[in-house]
Amino acid sequence: LACGEVGDGRFAEPAEIAFQVESYFKNFGKWAGKKVLVTAGPTREAIDPVRFISNESSGKMGYALAQAALNRGAEVTLVTGPTRIAPPSGVKVVPVSTAQGMHKAVLKALPKSDIVVMAAAVADYRVLNPSKSKIKKTNGELSLRLTRNPDILGDILRRKKTSQKVVGFAAETDDLRRNAAEKWKRKPCDLLVANRVGGRKGAFNSDENELLVFARGRVEPLVLKRDLKSRLADRIMDMIEG
Ligand code: PMT
């Protein structure tokens, strides 16, 4: 670590280590035999062989959820877009790049999963005809034609068995509660976890987050105050348990 502050190999914060040990022993074996599918990270949609459309997702939230399920003894499959962080050891990692790739991987793992947690930031659109070679610069403007990507969460909700639990996320820049409540109506997951993106305290790429969790049977969403993503992931797992 040239700067001594950030980078690969930096020792985890003592509070994070203490929390992981506590979580492991508190929840040991609770989910033994359960299969949990987690999506994490961004997707990348090619413009040409060297450029892509993507977003700021680091994968931290999804990886924390995978770790929390692992701590409970579940068998965890992590379908992940490209990230710079190491996945928890012990999970089955399925690396994907595009939304279409993630769609395929998730549908393949779905039939064997008891719980599905969709924390990935999936691109809603992809470039209709990505160029096969690097697009050359000209003096004029460049237009890209975008087409809709599959709605993976929507597909899961259509196909899932009643015994399977599904947790969806909602990432919003404005009017979090109202927009997330509308999303939950359109996509009635068992839990809909809403967070704010953009701005100084946005959820992307931060070690911390604050959440509103919409759950069946609750009129008002539960407010989970700003905390480490690992602690919040554990709270979400508690809520899945019911
Ligand atoms: O990775 P981090 O840096 O830790 O940041 C965490 C996070 C902000 C990415 C995460 O907490 C989060 O909010 N993930 C969902 C981001 C998102 O795509 O939200 P959305 O409101 O656009 O989508 C709603 C839900 O539909 C999500 O569960 C998403 O995974 C899913 N989706 C979206 C589009 C699409 N085509 N298919 C989907 O399945």
# chains A, B, ... in the order shown; residues from 1 in each chain; ligands from 1
call {"tool": "closest_atom_pairs", "arguments": {"of": "range 54-84 of chain A", "to": "range 8-26 of chain A", "cutoff": "9 Å", "atoms": "only C-alpha atoms", "output": "JSON lines"}}
result
{"residue": "A:Gln67", "atom": "CA", "partner": "A:Gln20", "partner_atom": "CA", "distance": 8.8}
{"residue": "A:Ala68", "atom": "CA", "partner": "A:Ser23", "partner_atom": "CA", "distance": 7.7}
{"residue": "A:Leu70", "atom": "CA", "partner": "A:Tyr24", "partner_atom": "CA", "distance": 8.5}
{"residue": "A:Asn71", "atom": "CA", "partner": "A:Tyr24", "partner_atom": "CA", "distance": 4.8}
{"residue": "A:Arg72", "atom": "CA", "partner": "A:Tyr24", "partner_atom": "CA", "distance": 6.8}
{"residue": "A:Gly73", "atom": "CA", "partner": "A:Tyr24", "partner_atom": "CA", "distance": 8.7}
{"residue": "A:Arg84", "atom": "CA", "partner": "A:Asp8", "partner_atom": "CA", "distance": 9.0}
call {"tool": "write_last_selection", "arguments": {"atoms": "N, CA and C atoms", "output": "compact mmCIF listing (two decimals), in the first residue's frame"}}
result
# COMPACT_ATOMS: atom_id res chain seq x y z
N GLN A 67 -21.79 -12.73 2.04
CA GLN A 67 -21.05 -13.11 3.26
C GLN A 67 -22.03 -13.40 4.40
N ALA A 68 -23.06 -12.58 4.52
CA ALA A 68 -24.03 -12.76 5.62
C ALA A 68 -24.77 -14.10 5.47
N LEU A 70 -23.54 -16.71 3.91
CA LEU A 70 -22.50 -17.72 4.16
C LEU A 70 -22.31 -17.93 5.66
N ASN A 71 -22.33 -16.82 6.42
CA ASN A 71 -22.15 -16.91 7.88
C ASN A 71 -23.26 -17.74 8.53
N ARG A 72 -24.42 -17.81 7.85
CA ARG A 72 -25.53 -18.62 8.40
C ARG A 72 -25.46 -20.07 7.94
N GLY A 73 -24.42 -20.40 7.19
CA GLY A 73 -24.25 -21.80 6.77
C GLY A 73 -24.91 -22.13 5.44
N ARG A 84 -13.81 -4.67 -8.28
CA ARG A 84 -12.39 -4.68 -7.89
C ARG A 84 -12.20 -5.26 -6.51
call {"tool": "closest_atom_pairs", "arguments": {"of": "chain A", "to": "ligand 1", "cutoff": "6 Å", "atoms": "only C-alpha atoms and all ligand atoms", "output": "JSON lines"}}
result
{"residue": "A:Gly41", "atom": "CA", "partner": "ligand 1", "partner_atom_place_in_ligand_line": "1 (O)", "distance": 4.9}
{"residue": "A:Ser57", "atom": "CA", "partner": "ligand 1", "partner_atom_place_in_ligand_line": "3 (O)", "distance": 3.7}
{"residue": "A:Ser58", "atom": "CA", "partner": "ligand 1", "partner_atom_place_in_ligand_line": "3 (O)", "distance": 3.6}
{"residue": "A:Gly59", "atom": "CA", "partner": "ligand 1", "partner_atom_place_in_ligand_line": "1 (O)", "distance": 3.4}
{"residue": "A:Lys60", "atom": "CA", "partner": "ligand 1", "partner_atom_place_in_ligand_line": "4 (O)", "distance": 3.7}
{"residue": "A:Met61", "atom": "CA", "partner": "ligand 1", "partner_atom_place_in_ligand_line": "4 (O)", "distance": 3.7}
{"residue": "A:Met118", "atom": "CA", "partner": "ligand 1", "partner_atom_place_in_ligand_line": "28 (O)", "distance": 4.3}
{"residue": "A:Ala119", "atom": "CA", "partner": "ligand 1", "partner_atom_place_in_ligand_line": "14 (N)", "distance": 4.1}
{"residue": "A:Ala120", "atom": "CA", "partner": "ligand 1", "partner_atom_place_in_ligand_line": "30 (O)", "distance": 4.4}
{"residue": "A:Ala121", "atom": "CA", "partner": "ligand 1", "partner_atom_place_in_ligand_line": "18 (O)", "distance": 3.4}
{"residue": "A:Val122", "atom": "CA", "partner": "ligand 1", "partner_atom_place_in_ligand_line": "34 (C)", "distance": 4.5}
{"residue": "A:Ala123", "atom": "CA", "partner": "ligand 1", "partner_atom_place_in_ligand_line": "36 (N)", "distance": 5.6}
{"residue": "A:Asp124", "atom": "CA", "partner": "ligand 1", "partner_atom_place_in_ligand_line": "36 (N)", "distance": 4.3}
{"residue": "A:Asn149", "atom": "CA", "partner": "ligand 1", "partner_atom_place_in_ligand_line": "36 (N)", "distance": 5.4}
{"residue": "A:Pro150", "atom": "CA", "partner": "ligand 1", "partner_atom_place_in_ligand_line": "36 (N)", "distance": 5.2}
{"residue": "A:Asp151", "atom": "CA", "partner": "ligand 1", "partner_atom_place_in_ligand_line": "37 (N)", "distance": 3.8}
{"residue": "A:Ile152", "atom": "CA", "partner": "ligand 1", "partner_atom_place_in_ligand_line": "39 (O)", "distance": 3.6}
{"residue": "A:Leu153", "atom": "CA", "partner": "ligand 1", "partner_atom_place_in_ligand_line": "39 (O)", "distance": 3.6}
{"residue": "A:Gly168", "atom": "CA", "partner": "ligand 1", "partner_atom_place_in_ligand_line": "28 (O)", "distance": 3.9}
{"residue": "A:Phe169", "atom": "CA", "partner": "ligand 1", "partner_atom_place_in_ligand_line": "28 (O)", "distance": 3.7}
{"residue": "A:Ala170", "atom": "CA", "partner": "ligand 1", "partner_atom_place_in_ligand_line": "21 (O)", "distance": 3.5}
{"residue": "A:Ala171", "atom": "CA", "partner": "ligand 1", "partner_atom_place_in_ligand_line": "21 (O)", "distance": 4.1}
{"residue": "A:Asn195", "atom": "CA", "partner": "ligand 1", "partner_atom_place_in_ligand_line": "13 (O)", "distance": 5.7}
{"residue": "A:Ala203", "atom": "CA", "partner": "ligand 1", "partner_atom_place_in_ligand_line": "8 (C)", "distance": 4.8}
{"residue": "A:Phe204", "atom": "CA", "partner": "ligand 1", "partner_atom_place_in_ligand_line": "3 (O)", "distance": 3.5}
{"residue": "A:Asn205", "atom": "CA", "partner": "ligand 1", "partner_atom_place_in_ligand_line": "3 (O)", "distance": 3.4}
call {"tool": "atom_distance", "arguments": {"atom1": "CA of Leu78 in chain A", "atom2": "CA of Ser113 in chain A"}}
result
11.6 Å
call {"tool": "residues_around", "arguments": {"residues": "Thr98 in chain A", "least_positions_apart": "5", "cutoff": "7 Å", "atoms": "only C-alpha atoms", "output": "compact mmCIF listing (two decimals) with C-alpha atoms, in the first residue's frame"}}
result
# COMPACT_ATOMS: atom_id res chain seq x y z
CA THR A 43 -23.17 -4.70 -15.67
CA ARG A 44 -21.22 -3.42 -18.67
CA GLU A 45 -22.85 -2.82 -22.01
call {"tool": "select_by_dssp", "arguments": {"residues": "chain A", "states": "alpha helix (DSSP H)", "output": "ChimeraX atom specification"}}
result
/A:14-27,60-71,99-109,152-159,176-186,229-241
call {"tool": "select_by_dssp", "arguments": {"residues": "range 42-159 of chain A", "states": "strand (DSSP E or B)", "output": "number ranges by chain"}}
result
A: 42, 45-48, 51-53, 75-80, 92-95, 115-118, 121, 125-127, 146-148
call {"tool": "residues_around", "arguments": {"residues": "range 227-237 of chain A", "least_positions_apart": "6", "cutoff": "7 Å", "atoms": "only C-alpha atoms", "output": "PyMOL selection string"}}
result
chain A and resi 61+64-65+68+207-210
call {"tool": "residues_around", "arguments": {"residues": "range 139-145 of chain A", "least_positions_apart": "6", "cutoff": "10 Å", "atoms": "only C-alpha atoms", "output": "count of residues only"}}
result
7
call {"tool": "residues_around", "arguments": {"residues": "Val93 in chain A", "least_positions_apart": "5", "cutoff": "9 Å", "atoms": "only C-alpha atoms", "output": "PyMOL selection string"}}
result
chain A and resi 76-80+87
call {"tool": "closest_residue", "arguments": {"among": "A:Thr138, A:Thr162, A:Thr173, A:Ser131", "to": "Arg51 in chain A", "atoms": "only C-alpha atoms"}}
result
A:Ser131
call {"tool": "atom_distance", "arguments": {"atom1": "CA of Asn179 in chain A", "atom2": "CA of Ala40 in chain A"}}
result
21.6 Å
call {"tool": "closest_residue", "arguments": {"among": "A:Ala109, A:Val197, A:Ala181, A:Ala32", "to": "Glu75 in chain A", "atoms": "only C-alpha atoms"}}
result
A:Ala32
